[in-house]
$ cat coords16.csv   # CSV, C-alpha atoms and all ligand atoms
chain,number,residue,atom,x,y,z
A,21,MET,CA,11.6,1.1,-1.4
A,22,LYS,CA,14.0,-0.4,1.2
A,23,LYS,CA,12.4,-0.8,4.7
A,24,THR,CA,14.4,0.8,7.5
A,25,ASP,CA,15.9,-1.8,9.8
A,26,TRP,CA,15.2,0.2,13.1
A,27,GLN,CA,16.0,-2.8,15.3
A,28,SER,CA,19.5,-3.3,14.0
A,29,LEU,CA,20.2,0.4,13.9
A,30,LYS,CA,19.1,0.6,17.5
A,31,GLU,CA,21.5,-2.3,18.4
A,32,ARG,CA,24.3,-0.7,16.4
A,33,LEU,CA,23.8,2.6,18.3
A,34,SER,CA,23.7,0.8,21.7
A,35,SER,CA,27.5,1.1,22.2
A,36,PRO,CA,29.6,4.2,21.7
A,37,LEU,CA,30.7,4.8,18.1
A,38,LYS,CA,32.8,7.3,16.2
A,39,ILE,CA,30.3,8.9,13.9
A,40,VAL,CA,30.5,11.6,11.1
A,41,VAL,CA,27.4,13.4,10.0
A,42,ILE,CA,27.3,14.8,6.5
A,43,PRO,CA,25.0,17.2,4.6
A,44,HIS,CA,25.1,17.7,0.8
A,45,LYS,CA,27.3,20.1,-1.0
A,46,ASN,CA,26.0,23.7,-0.8
A,47,PRO,CA,24.0,22.8,2.3
A,48,ASP,CA,20.7,24.5,2.8
A,49,GLY,CA,18.6,25.0,6.0
A,50,ASP,CA,17.2,21.5,5.9
A,51,ALA,CA,20.6,19.9,5.4
A,52,MET,CA,22.3,21.9,8.2
A,53,GLY,CA,19.4,21.8,10.5
A,54,SER,CA,19.0,18.0,10.2
A,55,CYS,CA,22.7,17.3,10.6
A,56,LEU,CA,23.1,19.5,13.7
A,57,ALA,CA,20.0,18.1,15.4
A,58,TRP,CA,21.0,14.5,14.5
A,59,ALA,CA,24.6,15.1,15.7
A,60,ARG,CA,23.4,16.5,19.0
A,61,TYR,CA,21.1,13.6,19.5
A,62,LEU,CA,24.0,11.1,18.8
A,63,GLN,CA,26.2,13.1,21.2
A,64,LYS,CA,23.6,12.9,23.9
A,65,THR,CA,23.4,9.1,23.5
A,66,GLY,CA,27.1,8.7,24.1
A,67,HIS,CA,28.8,8.8,20.7
A,68,GLU,CA,31.8,10.8,19.4
A,69,VAL,CA,30.3,12.9,16.6
A,70,LYS,CA,31.6,15.3,14.0
A,71,VAL,CA,29.6,17.2,11.4
A,72,ILE,CA,31.6,17.6,8.2
A,73,ALA,CA,30.0,19.8,5.5
A,74,PRO,CA,31.5,19.4,1.9
A,75,ASN,CA,31.8,23.2,1.4
A,76,GLU,CA,30.9,26.6,2.8
A,77,TYR,CA,27.2,27.6,3.4
A,78,PRO,CA,25.4,30.9,3.8
A,79,LYS,CA,25.8,33.2,6.8
A,80,PHE,CA,22.0,33.1,7.5
A,81,LEU,CA,22.4,29.4,8.6
A,82,LYS,CA,25.3,30.0,11.0
A,83,TRP,CA,23.3,30.9,14.1
A,84,MET,CA,22.3,27.2,14.5
A,85,PRO,CA,23.4,25.6,17.8
A,86,GLY,CA,26.5,23.5,17.2
A,87,ASP,CA,27.5,25.4,14.1
A,88,ASP,CA,30.8,26.4,15.6
A,89,GLN,CA,31.8,22.7,15.7
A,90,VAL,CA,31.2,22.1,12.0
A,91,MET,CA,34.2,21.2,9.9
A,92,ILE,CA,34.3,22.2,6.2
A,93,TYR,CA,35.9,19.5,4.0
A,94,ASP,CA,37.1,22.0,1.4
A,95,HIS,CA,39.0,23.9,4.2
A,96,ALA,CA,40.5,20.9,5.9
A,97,ALA,CA,40.4,17.9,3.6
A,98,GLY,CA,43.2,16.0,5.2
A,99,HIS,CA,41.8,16.2,8.7
A,100,ALA,CA,38.3,15.5,7.5
A,101,GLU,CA,39.5,12.4,5.6
A,102,ARG,CA,41.1,11.0,8.7
A,103,LEU,CA,37.8,11.4,10.6
A,104,ILE,CA,35.9,9.7,7.7
A,105,LEU,CA,38.4,6.8,7.6
A,106,ALA,CA,38.1,6.3,11.4
A,107,ALA,CA,34.3,6.5,11.5
A,108,ASP,CA,32.3,3.4,12.5
A,109,LEU,CA,29.1,5.1,11.1
A,110,LEU,CA,28.7,7.7,8.4
A,111,CYS,CA,25.3,9.5,8.4
A,112,THR,CA,24.5,11.2,5.1
A,113,LEU,CA,21.5,13.6,5.5
A,114,ASP,CA,19.3,15.3,2.9
A,115,PHE,CA,20.8,13.7,-0.2
A,116,ASN,CA,20.3,10.6,-2.2
A,117,ALA,CA,23.5,9.9,-4.0
A,118,LEU,CA,27.1,10.1,-2.7
A,119,SER,CA,28.1,12.2,-5.7
A,120,ARG,CA,26.2,15.1,-4.1
A,121,ALA,CA,28.9,15.4,-1.5
A,122,GLY,CA,31.1,17.2,-4.0
A,123,ASN,CA,34.9,16.9,-3.5
A,124,MET,CA,34.2,14.9,-0.4
A,125,LEU,CA,33.1,11.9,-2.5
A,126,LYS,CA,36.7,10.7,-3.0
A,127,SER,CA,37.1,10.4,0.8
A,128,LEU,CA,33.7,8.8,1.3
A,129,GLU,CA,34.6,6.1,-1.3
A,130,LYS,CA,37.5,5.0,1.0
A,131,ALA,CA,35.3,4.9,4.1
A,132,GLN,CA,35.4,1.6,6.1
A,133,GLY,CA,32.4,2.3,8.3
A,134,GLU,CA,28.7,1.6,7.5
A,135,PHE,CA,26.5,4.3,6.1
A,136,LEU,CA,23.1,5.5,7.3
A,137,MET,CA,21.1,7.6,4.9
A,138,ILE,CA,18.3,9.9,6.1
A,139,ASP,CA,16.7,11.6,3.2
A,140,HIS,CA,13.6,12.7,1.4
A,141,HIS,CA,14.8,13.0,-2.2
A,142,GLN,CA,13.3,10.7,-4.9
A,143,GLN,CA,15.3,7.7,-6.2
A,144,PRO,CA,17.7,7.1,-3.4
A,145,ASP,CA,21.0,5.2,-4.3
A,146,ASP,CA,21.7,2.0,-2.6
A,147,TYR,CA,25.0,2.6,-0.7
A,148,ALA,CA,23.8,2.6,2.9
A,149,ARG,CA,23.5,-0.3,5.4
A,150,TYR,CA,20.7,1.7,6.9
A,151,THR,CA,18.4,3.6,4.6
A,152,TYR,CA,15.6,5.8,5.9
A,153,SER,CA,14.1,7.3,2.8
A,154,LEU,CA,10.7,8.9,2.6
A,155,PRO,CA,10.4,11.0,-0.5
A,156,HIS,CA,6.9,12.2,0.3
A,157,LEU,CA,8.0,13.9,3.5
A,158,SER,CA,8.4,17.6,3.7
A,159,SER,CA,12.0,17.7,4.8
A,160,THR,CA,14.9,15.7,6.2
A,161,CYS,CA,14.3,17.6,9.5
A,162,GLU,CA,10.8,16.1,9.8
A,163,MET,CA,12.5,12.7,9.2
A,164,VAL,CA,15.1,13.3,11.9
A,165,TYR,CA,12.3,13.9,14.4
A,166,GLY,CA,10.7,10.7,13.1
A,167,ALA,CA,14.0,8.8,13.5
A,168,ILE,CA,14.5,9.9,17.1
A,169,LYS,CA,10.8,8.9,17.8
A,170,GLU,CA,11.4,5.5,16.2
A,171,LEU,CA,14.4,5.0,18.4
A,172,GLY,CA,12.3,5.8,21.5
A,173,ASP,CA,14.2,8.9,22.5
A,174,LEU,CA,11.9,11.9,21.9
A,175,GLU,CA,12.4,13.0,25.5
A,176,LEU,CA,16.0,13.8,24.5
A,177,LEU,CA,14.8,16.6,22.2
A,178,ASP,CA,15.9,20.0,23.6
A,179,ALA,CA,15.4,23.6,22.6
A,180,GLU,CA,18.6,23.6,20.6
A,181,MET,CA,17.7,20.6,18.5
A,182,SER,CA,14.1,21.9,18.1
A,183,GLY,CA,15.4,25.2,16.7
A,184,CYS,CA,17.6,23.4,14.1
A,185,LEU,CA,14.7,21.1,13.1
A,186,TYR,CA,12.2,24.0,13.0
A,187,ALA,CA,14.6,25.9,10.6
A,188,GLY,CA,14.9,23.0,8.2
A,189,ILE,CA,11.2,22.2,8.1
A,190,MET,CA,10.4,25.9,7.6
A,191,THR,CA,12.8,26.4,4.8
A,192,ASP,CA,12.0,23.2,2.9
A,193,THR,CA,8.3,23.8,3.1
A,194,GLY,CA,8.5,27.4,1.9
A,195,SER,CA,7.3,28.4,5.4
A,196,PHE,CA,4.7,25.6,5.5
A,197,LYS,CA,3.1,26.3,2.1
A,198,TYR,CA,4.3,23.5,-0.2
A,199,PRO,CA,2.0,20.5,-0.7
A,200,ALA,CA,4.3,18.1,1.2
A,201,THR,CA,3.3,20.1,4.4
A,202,THR,CA,0.9,17.8,6.2
A,203,ALA,CA,-1.1,17.8,9.4
A,204,GLU,CA,1.7,15.6,10.8
A,205,THR,CA,4.3,18.3,9.8
A,206,HIS,CA,2.3,20.8,11.8
A,207,ARG,CA,2.1,18.4,14.8
A,208,VAL,CA,5.8,17.9,14.7
A,209,VAL,CA,6.3,21.7,14.5
A,210,ALA,CA,3.9,22.3,17.3
A,211,HIS,CA,5.9,19.9,19.5
A,212,LEU,CA,9.2,21.6,18.5
A,213,ILE,CA,7.7,25.0,19.6
A,214,GLU,CA,6.6,23.5,22.9
A,215,ILE,CA,10.1,22.2,23.5
A,216,GLY,CA,11.5,25.7,22.8
A,217,ALA,CA,12.0,26.4,19.1
A,218,ASP,CA,11.7,30.2,18.9
A,219,HIS,CA,9.8,30.2,15.6
A,220,SER,CA,9.5,34.0,15.3
A,221,LEU,CA,13.2,34.6,15.9
A,222,ILE,CA,14.2,31.8,13.5
A,223,GLN,CA,12.0,33.3,10.7
A,224,ARG,CA,13.8,36.6,11.2
A,225,LEU,CA,17.3,35.1,11.5
A,226,ILE,CA,16.8,33.3,8.1
A,227,PHE,CA,14.6,35.6,6.1
A,228,ASP,CA,15.2,39.1,7.5
A,229,ASN,CA,19.0,39.0,7.3
A,230,ASN,CA,19.4,40.3,3.8
A,231,SER,CA,22.7,42.0,2.8
A,232,PRO,CA,22.5,45.0,0.4
A,233,ALA,CA,24.3,42.8,-2.1
A,234,ARG,CA,21.6,40.2,-2.0
A,235,LEU,CA,18.8,42.7,-2.6
A,236,ASN,CA,20.8,44.3,-5.5
A,237,LEU,CA,21.3,40.9,-7.0
A,238,LEU,CA,17.6,40.2,-6.7
A,239,GLY,CA,17.0,43.4,-8.6
A,240,ARG,CA,19.3,42.2,-11.4
A,241,ALA,CA,17.7,38.8,-11.5
A,242,LEU,CA,14.2,40.2,-11.7
A,243,SER,CA,15.1,42.6,-14.5
A,244,ASN,CA,16.7,39.7,-16.4
A,245,MET,CA,13.5,37.7,-16.1
A,246,VAL,CA,12.2,36.2,-19.3
A,247,GLN,CA,8.5,35.1,-19.4
A,248,LEU,CA,7.2,32.5,-21.8
A,249,PRO,CA,3.5,32.6,-21.1
A,250,GLU,CA,2.7,30.1,-23.9
A,251,MET,CA,4.9,27.6,-22.0
A,252,SER,CA,3.7,28.8,-18.5
A,253,THR,CA,7.4,29.3,-17.9
A,254,ALA,CA,9.6,32.1,-16.5
A,255,TYR,CA,13.3,32.1,-16.1
A,256,MET,CA,16.0,34.3,-14.7
A,257,SER,CA,19.8,34.3,-15.1
A,258,LEU,CA,22.8,35.8,-13.4
A,259,SER,CA,26.1,35.9,-15.1
A,260,GLN,CA,29.4,35.7,-13.2
A,261,GLU,CA,30.0,39.3,-14.2
A,262,GLU,CA,26.7,40.4,-12.6
A,263,LEU,CA,27.4,38.3,-9.4
A,264,ASP,CA,30.9,39.9,-9.1
A,265,ALA,CA,29.6,43.4,-9.7
A,266,GLU,CA,27.2,43.1,-6.7
A,267,GLY,CA,29.7,41.4,-4.4
A,268,TYR,CA,27.9,38.0,-4.4
A,269,SER,CA,28.5,35.7,-1.5
A,270,LYS,CA,27.3,32.1,-1.0
A,271,GLY,CA,23.6,31.8,-0.5
A,272,ASP,CA,22.7,35.2,-1.8
A,273,THR,CA,20.5,33.8,-4.6
A,274,GLU,CA,18.6,31.4,-2.3
A,275,GLY,CA,14.9,31.6,-3.0
A,276,PHE,CA,15.1,33.9,-6.1
A,277,VAL,CA,13.8,31.1,-8.3
A,278,ASN,CA,10.4,31.3,-6.5
A,279,TYR,CA,9.7,34.8,-7.8
A,280,GLY,CA,9.0,33.3,-11.2
A,281,LEU,CA,6.3,31.0,-9.7
A,282,SER,CA,4.6,34.0,-8.1
A,283,ILE,CA,3.5,35.3,-11.5
A,284,GLU,CA,-0.1,34.5,-12.5
A,285,GLY,CA,-0.2,31.5,-14.9
A,286,ILE,CA,3.4,30.5,-14.4
A,287,ARG,CA,4.0,26.9,-13.4
A,288,PHE,CA,7.6,26.3,-14.2
A,289,ALA,CA,10.3,28.7,-12.9
A,290,VAL,CA,14.1,28.4,-13.4
A,291,LEU,CA,17.2,30.3,-12.2
A,292,PHE,CA,20.5,30.0,-14.1
A,293,THR,CA,23.6,31.1,-12.2
A,294,GLU,CA,27.0,31.2,-13.8
A,295,ASN,CA,29.9,29.7,-11.8
A,296,LYS,CA,33.1,30.4,-13.7
A,297,GLU,CA,35.3,28.7,-11.1
A,298,GLU,CA,33.5,25.4,-11.5
A,299,GLY,CA,32.9,25.9,-15.2
A,300,ILE,CA,29.2,25.3,-14.9
A,301,ILE,CA,25.9,27.0,-15.0
A,302,LYS,CA,24.1,26.0,-11.8
A,303,ILE,CA,20.4,25.6,-12.4
A,304,SER,CA,17.4,25.7,-9.9
A,305,PHE,CA,14.1,24.4,-11.1
A,306,ARG,CA,10.7,24.8,-9.4
A,307,SER,CA,7.2,23.9,-10.5
A,308,ILE,CA,3.6,24.0,-9.4
A,309,GLY,CA,1.5,20.9,-9.9
A,310,ASP,CA,2.2,17.7,-11.9
A,311,PHE,CA,5.1,18.9,-14.0
A,312,SER,CA,8.1,17.0,-12.6
A,313,VAL,CA,11.2,19.1,-12.4
A,314,ASN,CA,13.0,16.1,-11.0
A,315,SER,CA,12.5,14.2,-14.3
A,316,PHE,CA,13.3,17.3,-16.3
A,317,ALA,CA,16.6,18.0,-14.4
A,318,ARG,CA,17.6,14.3,-14.6
A,319,GLU,CA,16.9,14.0,-18.3
A,320,HIS,CA,18.4,17.3,-19.5
A,321,PHE,CA,20.7,18.8,-16.9
A,322,GLU,CA,22.6,16.1,-14.9
A,323,GLY,CA,20.5,16.8,-11.8
A,324,GLY,CA,17.4,15.8,-9.9
A,325,GLY,CA,15.6,16.4,-6.6
A,326,HIS,CA,11.9,16.4,-6.0
A,327,GLN,CA,8.8,16.7,-8.1
A,328,ASN,CA,8.4,20.4,-7.6
A,329,ALA,CA,12.0,21.5,-6.7
A,330,ALA,CA,15.2,20.2,-8.3
A,331,GLY,CA,18.6,21.3,-9.3
A,332,GLY,CA,21.0,20.6,-12.1
A,333,ARG,CA,24.0,22.0,-14.1
A,334,SER,CA,25.1,22.8,-17.7
A,335,ARG,CA,28.6,22.9,-19.1
A,336,LEU,CA,27.6,25.1,-22.0
A,337,SER,CA,28.0,28.9,-21.8
A,338,LEU,CA,25.2,30.9,-20.2
A,339,GLN,CA,23.8,32.1,-23.5
A,340,GLU,CA,24.0,28.6,-25.0
A,341,THR,CA,22.4,27.1,-21.9
A,342,LEU,CA,19.4,29.5,-22.1
A,343,GLN,CA,19.0,28.8,-25.8
A,344,ARG,CA,19.1,25.1,-25.2
A,345,PHE,CA,16.6,25.4,-22.3
A,346,GLU,CA,14.1,27.2,-24.5
A,347,SER,CA,14.5,24.7,-27.3
A,348,LEU,CA,13.7,21.8,-24.9
A,349,LEU,CA,10.4,23.3,-23.9
A,350,PRO,CA,7.9,22.7,-26.8
A,351,PRO,CA,7.4,19.0,-26.2
A,352,TYR,CA,6.3,19.8,-22.6
A,353,GLN,CA,3.9,22.6,-23.7
A,354,LYS,CA,0.7,20.5,-23.2
A,355,GLU,CA,1.9,19.2,-19.8
A,356,LEU,CA,2.8,22.7,-18.6
A,357,GLN,CA,-0.5,24.1,-19.7
A,358,SER,CA,-2.8,21.4,-18.3
A,359,PRO,CA,-4.6,22.7,-15.2
B,1,LIG,P1,18.2,24.0,-5.4
B,1,LIG,O1,17.6,24.5,-6.6
B,1,LIG,O2,17.8,24.7,-4.1
B,1,LIG,O3,19.7,23.9,-5.5
B,1,LIG,O4,17.7,22.5,-5.2
B,1,LIG,C1,16.4,22.1,-5.1
B,1,LIG,C2,16.2,20.7,-4.6
B,1,LIG,O5,16.8,19.8,-5.5
B,1,LIG,C3,17.0,20.5,-3.3
B,1,LIG,O6,16.2,19.6,-2.5
B,1,LIG,C4,18.3,19.9,-3.6
B,1,LIG,O7,18.8,19.1,-2.6
B,1,LIG,C5,17.9,19.1,-4.9
B,1,LIG,N1,19.0,19.1,-5.8
B,1,LIG,C6,19.7,20.1,-6.3
B,1,LIG,N2,20.7,19.7,-7.2
B,1,LIG,C7,20.5,18.4,-7.3
B,1,LIG,C8,21.2,17.3,-8.1
B,1,LIG,O8,22.1,17.6,-8.8
B,1,LIG,N3,20.8,16.1,-7.9
B,1,LIG,C9,19.8,15.7,-7.0
B,1,LIG,N4,19.4,14.4,-6.9
B,1,LIG,N5,19.1,16.6,-6.3
B,1,LIG,C10,19.5,17.9,-6.4
B,2,MN,MN,15.7,18.8,2.1
$ encode --input "coords16.csv" --output "structure tokens" --more "lines below"
Ligand code: 5GP
Ligand code: MN
Amino acid sequence: MKKTDWQSLKERLSSPLKIVVIPHKNPDGDAMGSCLAWARYLQKTGHEVKVIAPNEYPKFLKWMPGDDQVMIYDHAAGHAERLILAADLLCTLDFNALSRAGNMLKSLEKAQGEFLMIDHHQQPDDYARYTYSLPHLSSTCEMVYGAIKELGDLELLDAEMSGCLYAGIMTDTGSFKYPATTAETHRVVAHLIEIGADHSLIQRLIFDNNSPARLNLLGRALSNMVQLPEMSTAYMSLSQEELDAEGYSKGDTEGFVNYGLSIEGIRFAVLFTENKEEGIIKISFRSIGDFSVNSFAREHFEGGGHQNAAGGRSRLSLQETLQRFESLLPPYQKELQSP
């Protein structure tokens, strides 16, 4: 694991820079929260900063302070590329491989500036001059708090940054329930609340903002659920036709995969979502315990992530993908059943 060179990062940040801050494609609460808080910190320390997201993200994340300044690469690729080429420093947050920036990859490959990675995914690629990678940490937001602390600037944290960081820690820990949630996570969160993160409001803004379409889709996904008790596995699928019929919009299926894990005895849950436009089946994997969905997604579905939460994709049809998935399980039976 590369050690973070805080001293040289501090020196690099000691004069005003042009900086872009970038979350992964299909950004989630942790990606947007960490980018917006980090960008605000950099602005406060005198830099010219732009957050550029590769593509659109769900409405339930759009309340975050600074969101109105975010540029979407897919909507303004030319302008975004000019900012990327002019940047002295490119901060990539909440992802471990440049390919996770989607279409933006081709612009990032032309960048002249140095990269700073802040991320908690396993197996970070080696593209950054400054790498801050802690795969055991709950979230990139917890790491951004840590980075600001390392740089000696915790007094610059304000209510806006705290709200963004709270949102990312809360979403990536499943509301503080996943094993990566530590005493230190709670200490960080306590400090964020002291500074002004409105935890109760943020919970409501993110979780109690369902559209009727999302609830109808959840109904479809649950009724499509297949349980394989002998494999301790449950999976759900949504075809493009079903998504269209319910008026799907981005982010509507966020969290669905966890319903599988709420069933007694199930330790491996999967959601397959057809995306006709991209010609792929997007797959979300979750597990409880030692079964590594990171390895499973890497080996079989062009993906990766963390031990208990990972993503991937398949280029087969939805039906073929489901069949292939079932046929891959038997060698894992023992591992999935061990307590
Ligand atoms: P989700 O199922 O929510 O899309 O992803 C679960 C976790 O795995 C998230 O932390 C996400 O960033 C990560 N992830 C999703 N897809 C990929 C992928 O293709 N590669 C890697 N390395 N991580 C992924
Ligand atoms: Mn994350």
$ closest_atom_pairs --input "coords16.csv" --of "chain A" --to "ligand MN 2 (chain B)" --cutoff "7 Å" --atoms "all atoms listed in the file" --output "tab-separated table"
residue	atom	partner	partner_atom	distance
A:Asp50	CA	B:MN2	MN	4.9
A:Ala51	CA	B:MN2	MN	6.0
A:Asp114	CA	B:MN2	MN	5.1
A:His140	CA	B:MN2	MN	6.5
A:Ser159	CA	B:MN2	MN	4.7
A:Thr160	CA	B:MN2	MN	5.2
A:Asp192	CA	B:MN2	MN	5.8
$ write_last_selection --input "coords16.csv" --atoms "C-alpha atoms" --output "PDB file, in the coordinates of the input"
ATOM      1  CA  ASP A  50      17.200  21.500   5.900  1.00  0.00           C
ATOM      2  CA  ALA A  51      20.600  19.900   5.400  1.00  0.00           C
ATOM      3  CA  ASP A 114      19.300  15.300   2.900  1.00  0.00           C
ATOM      4  CA  HIS A 140      13.600  12.700   1.400  1.00  0.00           C
ATOM      5  CA  SER A 159      12.000  17.700   4.800  1.00  0.00           C
ATOM      6  CA  THR A 160      14.900  15.700   6.200  1.00  0.00           C
ATOM      7  CA  ASP A 192      12.000  23.200   2.900  1.00  0.00           C
TER       8      ASP A 192
END
$ closest_residue --input "coords16.csv" --among "A:Val208, A:Leu113, A:Leu248, A:Ala131" --to "ligand LIG 1 (chain B)" --atoms "all atoms listed in the file"
A:Leu113
$ atom_distance --input "coords16.csv" --atom1 "CA of Glu250 in chain A" --atom2 "CA of Phe321 in chain A"
22.4 Å
$ closest_residue --input "coords16.csv" --among "A:Ser347, A:Gly49, A:Ser231, A:Asn295" --to "Lys82 in chain A" --atoms "all atoms listed in the file"
A:Gly49
$ residues_around --input "coords16.csv" --residues "Glu129 in chain A" --least-positions-apart "2" --cutoff "10 Å" --atoms "all atoms listed in the file" --output "ChimeraX atom specification"
/A:104-105,118-119,124-127,131-132
$ closest_atom_pairs --input "coords16.csv" --of "chain A" --to "ligand LIG 1 (chain B)" --cutoff "10 Å" --atoms "only C-alpha atoms and all ligand atoms" --output "CSV"
residue,atom,partner,partner_atom,distance
A:Pro43,CA,B:LIG1,O7,9.7
A:His44,CA,B:LIG1,O7,7.3
A:Lys45,CA,B:LIG1,O7,8.7
A:Asn46,CA,B:LIG1,O3,7.9
A:Pro47,CA,B:LIG1,O7,8.0
A:Asp48,CA,B:LIG1,O2,7.5
A:Asp50,CA,B:LIG1,O6,8.7
A:Ala51,CA,B:LIG1,O7,8.2
A:Asp114,CA,B:LIG1,O7,6.7
A:Phe115,CA,B:LIG1,O7,6.2
A:Asn116,CA,B:LIG1,N4,6.1
A:Ala117,CA,B:LIG1,N4,6.7
A:Leu118,CA,B:LIG1,N4,9.8
A:Ser119,CA,B:LIG1,N3,8.6
A:Arg120,CA,B:LIG1,N3,6.7
A:Asp139,CA,B:LIG1,O7,9.7
A:His140,CA,B:LIG1,O6,8.3
A:His141,CA,B:LIG1,N4,6.7
A:Gln142,CA,B:LIG1,N4,7.4
A:Gln143,CA,B:LIG1,N4,7.9
A:Pro144,CA,B:LIG1,N4,8.3
A:Asp145,CA,B:LIG1,N4,9.7
A:Ser159,CA,B:LIG1,O6,8.6
A:Thr160,CA,B:LIG1,O6,9.6
A:Asp192,CA,B:LIG1,O6,7.7
A:Gly271,CA,B:LIG1,O2,9.8
A:Thr273,CA,B:LIG1,O2,9.5
A:Glu274,CA,B:LIG1,O2,7.0
A:Gly275,CA,B:LIG1,O2,7.6
A:Phe276,CA,B:LIG1,O1,9.7
A:Val277,CA,B:LIG1,O1,7.8
A:Asn278,CA,B:LIG1,O1,9.9
A:Val290,CA,B:LIG1,O1,8.6
A:Leu291,CA,B:LIG1,O1,8.1
A:Phe292,CA,B:LIG1,O1,9.7
A:Lys302,CA,B:LIG1,O3,8.0
A:Ile303,CA,B:LIG1,O1,6.5
A:Ser304,CA,B:LIG1,O1,3.5
A:Phe305,CA,B:LIG1,O1,5.7
A:Arg306,CA,B:LIG1,O1,7.5
A:Val313,CA,B:LIG1,O5,8.9
A:Asn314,CA,B:LIG1,O5,7.6
A:Ala317,CA,B:LIG1,C8,7.8
A:Arg318,CA,B:LIG1,N3,7.6
A:Phe321,CA,B:LIG1,O8,8.3
A:Glu322,CA,B:LIG1,O8,6.3
A:Gly323,CA,B:LIG1,O8,3.5
A:Gly324,CA,B:LIG1,C9,3.8
A:Gly325,CA,B:LIG1,N5,3.5
A:His326,CA,B:LIG1,O5,6.0
A:Gln327,CA,B:LIG1,O5,9.0
A:Asn328,CA,B:LIG1,C2,8.4
A:Ala329,CA,B:LIG1,C1,4.7
A:Ala330,CA,B:LIG1,O5,3.2
A:Gly331,CA,B:LIG1,N2,3.4
A:Gly332,CA,B:LIG1,O8,4.6
A:Arg333,CA,B:LIG1,O8,7.1
$ residues_around --input "coords16.csv" --residues "Met245 in chain A" --least-positions-apart "5" --cutoff "10 Å" --atoms "all atoms listed in the file" --output "PyMOL selection string"
chain A and resi 240+254-258+279-280+290-291
$ closest_residue --input "coords16.csv" --among "A:Ile168, A:Cys111, A:Leu157, A:Ala97" --to "Lys30 in chain A" --atoms "all atoms listed in the file"
A:Ile168
$ atom_distance --input "coords16.csv" --atom1 "CA of Pro350 in chain A" --atom2 "CA of Tyr198 in chain A"
26.9 Å
$ closest_residue --input "coords16.csv" --among "A:Glu170, A:Asp146, A:Glu162, A:Glu261" --to "Met190 in chain A" --atoms "all atoms listed in the file"
A:Glu162
$ closest_residue --input "coords16.csv" --among "A:Ala73, A:Ala106, A:Leu136, A:Leu235" --to "Gly267 in chain A" --atoms "all atoms listed in the file"
A:Leu235
$ atom_distance --input "coords16.csv" --atom1 "CA of Leu221 in chain A" --atom2 "CA of Ala233 in chain A"
22.7 Å
$ residues_around --input "coords16.csv" --residues "Leu212 in chain A" --least-positions-apart "5" --cutoff "12 Å" --atoms "all atoms listed in the file" --output "PDB file with C-alpha atoms, in the frame of the given file"
ATOM      1  CA  ALA A  57      20.000  18.100  15.400  1.00  0.00           C
ATOM      2  CA  CYS A 161      14.300  17.600   9.500  1.00  0.00           C
ATOM      3  CA  GLU A 162      10.800  16.100   9.800  1.00  0.00           C
ATOM      4  CA  TYR A 165      12.300  13.900  14.400  1.00  0.00           C
ATOM      5  CA  LEU A 174      11.900  11.900  21.900  1.00  0.00           C
ATOM      6  CA  GLU A 175      12.400  13.000  25.500  1.00  0.00           C
ATOM      7  CA  LEU A 176      16.000  13.800  24.500  1.00  0.00           C
ATOM      8  CA  LEU A 177      14.800  16.600  22.200  1.00  0.00           C
ATOM      9  CA  ASP A 178      15.900  20.000  23.600  1.00  0.00           C
ATOM     10  CA  ALA A 179      15.400  23.600  22.600  1.00  0.00           C
ATOM     11  CA  GLU A 180      18.600  23.600  20.600  1.00  0.00           C
ATOM     12  CA  MET A 181      17.700  20.600  18.500  1.00  0.00           C
ATOM     13  CA  SER A 182      14.100  21.900  18.100  1.00  0.00           C
ATOM     14  CA  GLY A 183      15.400  25.200  16.700  1.00  0.00           C
ATOM     15  CA  CYS A 184      17.600  23.400  14.100  1.00  0.00           C
ATOM     16  CA  LEU A 185      14.700  21.100  13.100  1.00  0.00           C
ATOM     17  CA  TYR A 186      12.200  24.000  13.000  1.00  0.00           C
ATOM     18  CA  ALA A 187      14.600  25.900  10.600  1.00  0.00           C
ATOM     19  CA  GLY A 188      14.900  23.000   8.200  1.00  0.00           C
ATOM     20  CA  ILE A 189      11.200  22.200   8.100  1.00  0.00           C
ATOM     21  CA  MET A 190      10.400  25.900   7.600  1.00  0.00           C
ATOM     22  CA  THR A 205       4.300  18.300   9.800  1.00  0.00           C
ATOM     23  CA  HIS A 206       2.300  20.800  11.800  1.00  0.00           C
ATOM     24  CA  ARG A 207       2.100  18.400  14.800  1.00  0.00           C
ATOM     25  CA  ALA A 217      12.000  26.400  19.100  1.00  0.00           C
ATOM     26  CA  ASP A 218      11.700  30.200  18.900  1.00  0.00           C
ATOM     27  CA  HIS A 219       9.800  30.200  15.600  1.00  0.00           C
TER      28      HIS A 219
END
$ closest_residue --input "coords16.csv" --among "A:Ser307, A:Ile301, A:Asp272, A:Gln357" --to "Thr341 in chain A" --atoms "only C-alpha atoms"
A:Ile301
$ residues_near_point --input "coords16.csv" --point "(36.9, 17.2, 14.5)" --cutoff "9 Å" --atoms "all atoms listed in the file" --output "list in words"
Val69, Lys70, Val71, Ile72, Gln89, Val90, Met91, His99, Ala100 and Leu103 of chain A
$ residues_around --input "coords16.csv" --residues "Leu109 in chain A" --least-positions-apart "3" --cutoff "12 Å" --atoms "all atoms listed in the file" --output "MDAnalysis selection string"
chainID A and resid 29 32:33 35:42 59 62 67:70 103:106 112 128 131:137 148:150
$ decode --input "coords16.csv" --residues "range 325-333 of chain A" --atoms "C-alpha atoms" --output "compact mmCIF listing (two decimals), in the first residue's frame"
# COMPACT_ATOMS: atom_id res chain seq x y z
CA GLY A 325 -15.65 -2.84 -5.15
CA HIS A 326 -15.47 -3.97 -1.55
CA GLN A 327 -15.60 -7.28 0.30
CA ASN A 328 -19.36 -6.95 1.03
CA ALA A 329 -20.53 -4.52 -1.68
CA ALA A 330 -19.47 -4.56 -5.31
CA GLY A 331 -20.73 -3.89 -8.79
CA GLY A 332 -20.22 -5.35 -12.24
CA ARG A 333 -21.74 -5.79 -15.67
